[in-house]
Amino acid sequence: MSKIDLDSPGAPSSPAALTPQQRAQRRKRHVLLGRAGVFLLIIGGWQLAAMLGWLDPFFFGSPKGIVLRLWDWVVHGTAYGSIWLQIGVTLEESLMGFAVGVLGGILFGVLLGEIPYLADVFGPYIKIVNALPRIVLGSIFVMWLGLGMSSKVVLAAVLVFFVVFFNAFQGVRSVDRNLVANARILGASRFDVVLHVVFPSAMTWIIASLHVALGFSIIGAIVGEFLGAQKGLGLVIATAQNTFDANGVFGAMLIIGAIALSAEVLMSIIEKRLLSWQPPSAAESNMPGV
């Protein structure tokens, strides 16, 4: 029996013989194939079950029906105008709520994290408000601010605020106090310490919270529109639900999912830019290949 020359071009390459770049590319291909397989399995099984009568398309919809509904929205629009208008309204509400919630969460998180007295005073009230069901807050905001954009922006901002606040607060509390003491010894004022030591050290916590906060901003806008609105994807979903249009509900959900996925990709790019000064973690540098 002839032996296989491991150095020959035709010899099979073992995972251990691959370079880190080759292992990363191989793993990426396997991940993409796995995602495509799961997608085809779910969509194909759903369509097959609808065609064979295992699922009632009236209540569960079907992939084909969803595509037709989306195409109808693109061509003829929704009952409240163009589908692009509904998407634009929801995006505007989400981004405005995201911006307000992030700024408020960072400001109060750093402030209460640096001043224990304020944390002790306001801590119970923050926990009480955070424990309230969001749909109740949404109903209150609709009563106070009406069916316009303001109530949706405020609800999205509230959802974002608590996510960012608790991460910023914990990030400030986790700062190495030796760095703070060294900065104070060198003559830095308290504002300089917060700006140049505390805030950069807590940036990892804050950036990590933005991924969740971005999704919460979209949820806040959708929930607010669902409770009462004049335009938006949440109103489209509520109308489809009231008319037993399952394909319309799933179609709007598909649009929301595409928006959330695109926003997540954009946030990952921003995160890499903001945290480019950090060395790669051990988990990232030693990620095993498939």
# chains A, B, ... in the order shown; residues from 1 in each chain; ligands from 1
call {"tool": "residues_around", "arguments": {"residues": "region 32-43 of chain A", "least_positions_apart": "5", "cutoff": "10 Å", "atoms": "only C-alpha atoms", "output": "list in words"}}
result
Arg27, Leu48, Ala49, Ser62, Pro63 and Lys64 of chain A
call {"tool": "write_last_selection", "arguments": {"atoms": "N, CA and C atoms", "output": "compact mmCIF listing (two decimals), in the first residue's frame"}}
result
# COMPACT_ATOMS: atom_id res chain seq x y z
N ARG A 27 -14.39 28.45 8.31
CA ARG A 27 -15.50 28.55 9.26
C ARG A 27 -16.58 29.48 8.73
N LEU A 48 -44.36 23.82 2.12
CA LEU A 48 -44.84 22.47 1.87
C LEU A 48 -46.01 22.14 2.79
N ALA A 49 -45.92 22.51 4.07
CA ALA A 49 -47.00 22.24 5.00
C ALA A 49 -48.28 22.99 4.60
N SER A 62 -48.32 31.74 4.31
CA SER A 62 -47.39 30.89 3.57
C SER A 62 -46.31 31.79 2.97
N PRO A 63 -45.11 31.26 2.75
CA PRO A 63 -44.05 32.08 2.14
C PRO A 63 -44.47 32.69 0.80
N LYS A 64 -45.17 31.92 -0.01
CA LYS A 64 -45.63 32.46 -1.29
C LYS A 64 -46.62 33.60 -1.07
call {"tool": "residues_around", "arguments": {"residues": "Lys231 (chain A)", "least_positions_apart": "4", "cutoff": "10 Å", "atoms": "only C-alpha atoms", "output": "list of chain:residue names"}}
result
A:Ala79, A:Tyr80, A:Gly81, A:Ile83, A:Leu85, A:Gln86, A:Ile87, A:Gly88, A:Val89, A:Thr90, A:Leu147, A:Gly148, A:Met149, A:Glu225, A:Phe226, A:Leu235, A:Val236
call {"tool": "write_last_selection", "arguments": {"atoms": "C-alpha atoms", "output": "tab-separated table (two decimals), in the first residue's frame"}}
result
chain	number	residue	atom	x	y	z
A	79	ALA	CA	-54.15	51.45	3.22
A	80	TYR	CA	-52.19	54.36	4.72
A	81	GLY	CA	-49.94	55.19	1.80
A	83	ILE	CA	-44.98	51.06	2.14
A	85	LEU	CA	-43.55	55.90	3.79
A	86	GLN	CA	-44.47	53.49	6.58
A	87	ILE	CA	-40.89	52.23	6.76
A	88	GLY	CA	-39.54	55.78	6.79
A	89	VAL	CA	-41.85	56.84	9.63
A	90	THR	CA	-40.89	53.86	11.78
A	147	LEU	CA	-51.17	59.61	18.03
A	148	GLY	CA	-48.32	61.54	16.43
A	149	MET	CA	-44.62	60.80	16.35
A	225	GLU	CA	-47.66	52.51	16.54
A	226	PHE	CA	-49.54	49.35	17.38
A	235	LEU	CA	-50.16	50.39	12.25
A	236	VAL	CA	-49.79	48.13	9.20
call {"tool": "residues_around", "arguments": {"residues": "Phe250 (chain A)", "least_positions_apart": "6", "cutoff": "10 Å", "atoms": "only C-alpha atoms", "output": "list in words"}}
result
Phe60, Gly61, Ser62, Pro63, Gly65, Ile66, Val67, Arg69, Leu70, Ile237, Ala240 and Ile256 of chain A
call {"tool": "closest_atom_pairs", "arguments": {"of": "region 191-237 of chain A", "to": "region 95-98 of chain A", "cutoff": "8 Å", "atoms": "only C-alpha atoms", "output": "JSON lines"}}
result
{"residue": "A:Ala213", "atom": "CA", "partner": "A:Phe98", "partner_atom": "CA", "distance": 7.1}
{"residue": "A:Leu214", "atom": "CA", "partner": "A:Phe98", "partner_atom": "CA", "distance": 6.4}
{"residue": "A:Ser217", "atom": "CA", "partner": "A:Phe98", "partner_atom": "CA", "distance": 5.5}
call {"tool": "write_last_selection", "arguments": {"atoms": "all heavy atoms", "output": "short mmCIF file (atom, residue, chain, number, x, y, z; two decimals), in the first residue's frame"}}
result
data_model
loop_
_atom_site.label_atom_id
_atom_site.label_comp_id
_atom_site.auth_asym_id
_atom_site.auth_seq_id
_atom_site.Cartn_x
_atom_site.Cartn_y
_atom_site.Cartn_z
N ALA A 213 -29.89 48.09 22.59
CA ALA A 213 -30.67 49.32 22.59
C ALA A 213 -31.24 49.63 21.21
O ALA A 213 -32.37 50.14 21.10
CB ALA A 213 -29.80 50.48 23.07
N LEU A 214 -30.49 49.34 20.17
CA LEU A 214 -30.99 49.62 18.82
C LEU A 214 -32.22 48.78 18.50
O LEU A 214 -33.20 49.28 17.93
CB LEU A 214 -29.88 49.35 17.80
CG LEU A 214 -30.13 49.79 16.36
CD1 LEU A 214 -30.44 51.28 16.31
CD2 LEU A 214 -28.94 49.46 15.48
N SER A 217 -35.16 50.21 20.41
CA SER A 217 -35.73 51.43 19.82
C SER A 217 -36.74 51.08 18.74
O SER A 217 -37.79 51.73 18.62
CB SER A 217 -34.62 52.31 19.26
OG SER A 217 -33.99 51.70 18.14
#
call {"tool": "select_by_dssp", "arguments": {"residues": "region 74-148 of chain A", "states": "helix (DSSP H, G or I)", "output": "MDAnalysis selection string"}}
result
chainID A and resid 74:76 83:114 116:131 134:145
call {"tool": "closest_residue", "arguments": {"among": "A:Val193, A:Ile219, A:Ala238, A:Leu210", "to": "Gly138 (chain A)", "atoms": "only C-alpha atoms"}}
result
A:Ile219
call {"tool": "closest_residue", "arguments": {"among": "A:Met203, A:Ala24, A:Ala157, A:Val74", "to": "Gln170 (chain A)", "atoms": "only C-alpha atoms"}}
result
A:Met203
call {"tool": "atom_distance", "arguments": {"atom1": "CA of Val175 (chain A)", "atom2": "CA of Gly109 (chain A)"}}
result
13.2 Å
call {"tool": "closest_residue", "arguments": {"among": "A:Glu114, A:Gly220, A:Phe58, A:Gly104", "to": "Leu233 (chain A)", "atoms": "only C-alpha atoms"}}
result
A:Gly220
call {"tool": "atom_distance", "arguments": {"atom1": "CA of Gly123 (chain A)", "atom2": "CA of Gly171 (chain A)"}}
result
16.1 Å
call {"tool": "residues_around", "arguments": {"residues": "Val163 (chain A)", "least_positions_apart": "6", "cutoff": "8 Å", "atoms": "only C-alpha atoms", "output": "list in words"}}
result
Gly105, Ser209, Val212 and Ala213 of chain A
call {"tool": "write_last_selection", "arguments": {"atoms": "N, CA and C atoms", "output": "compact mmCIF listing (two decimals), in the first residue's frame"}}
result
# COMPACT_ATOMS: atom_id res chain seq x y z
N GLY A 105 -29.16 57.89 28.74
CA GLY A 105 -28.62 56.76 29.49
C GLY A 105 -27.15 56.94 29.84
N SER A 209 -23.98 47.77 25.01
CA SER A 209 -25.41 47.96 25.23
C SER A 209 -26.12 48.52 24.01
N VAL A 212 -28.25 45.98 21.84
CA VAL A 212 -29.57 45.69 22.38
C VAL A 212 -30.47 46.92 22.31
N ALA A 213 -29.89 48.09 22.59
CA ALA A 213 -30.67 49.32 22.59
C ALA A 213 -31.24 49.63 21.21
call {"tool": "closest_residue", "arguments": {"among": "A:Leu227, A:Ile115, A:Leu159, A:Leu261", "to": "Met143 (chain A)", "atoms": "only C-alpha atoms"}}
result
A:Leu227
call {"tool": "atom_distance", "arguments": {"atom1": "CA of Trp144 (chain A)", "atom2": "CA of Phe122 (chain A)"}}
result
24.0 Å
call {"tool": "closest_residue", "arguments": {"among": "A:Val194, A:Ala260, A:Ala252, A:Asn247", "to": "Leu68 (chain A)", "atoms": "only C-alpha atoms"}}
result
A:Asn247
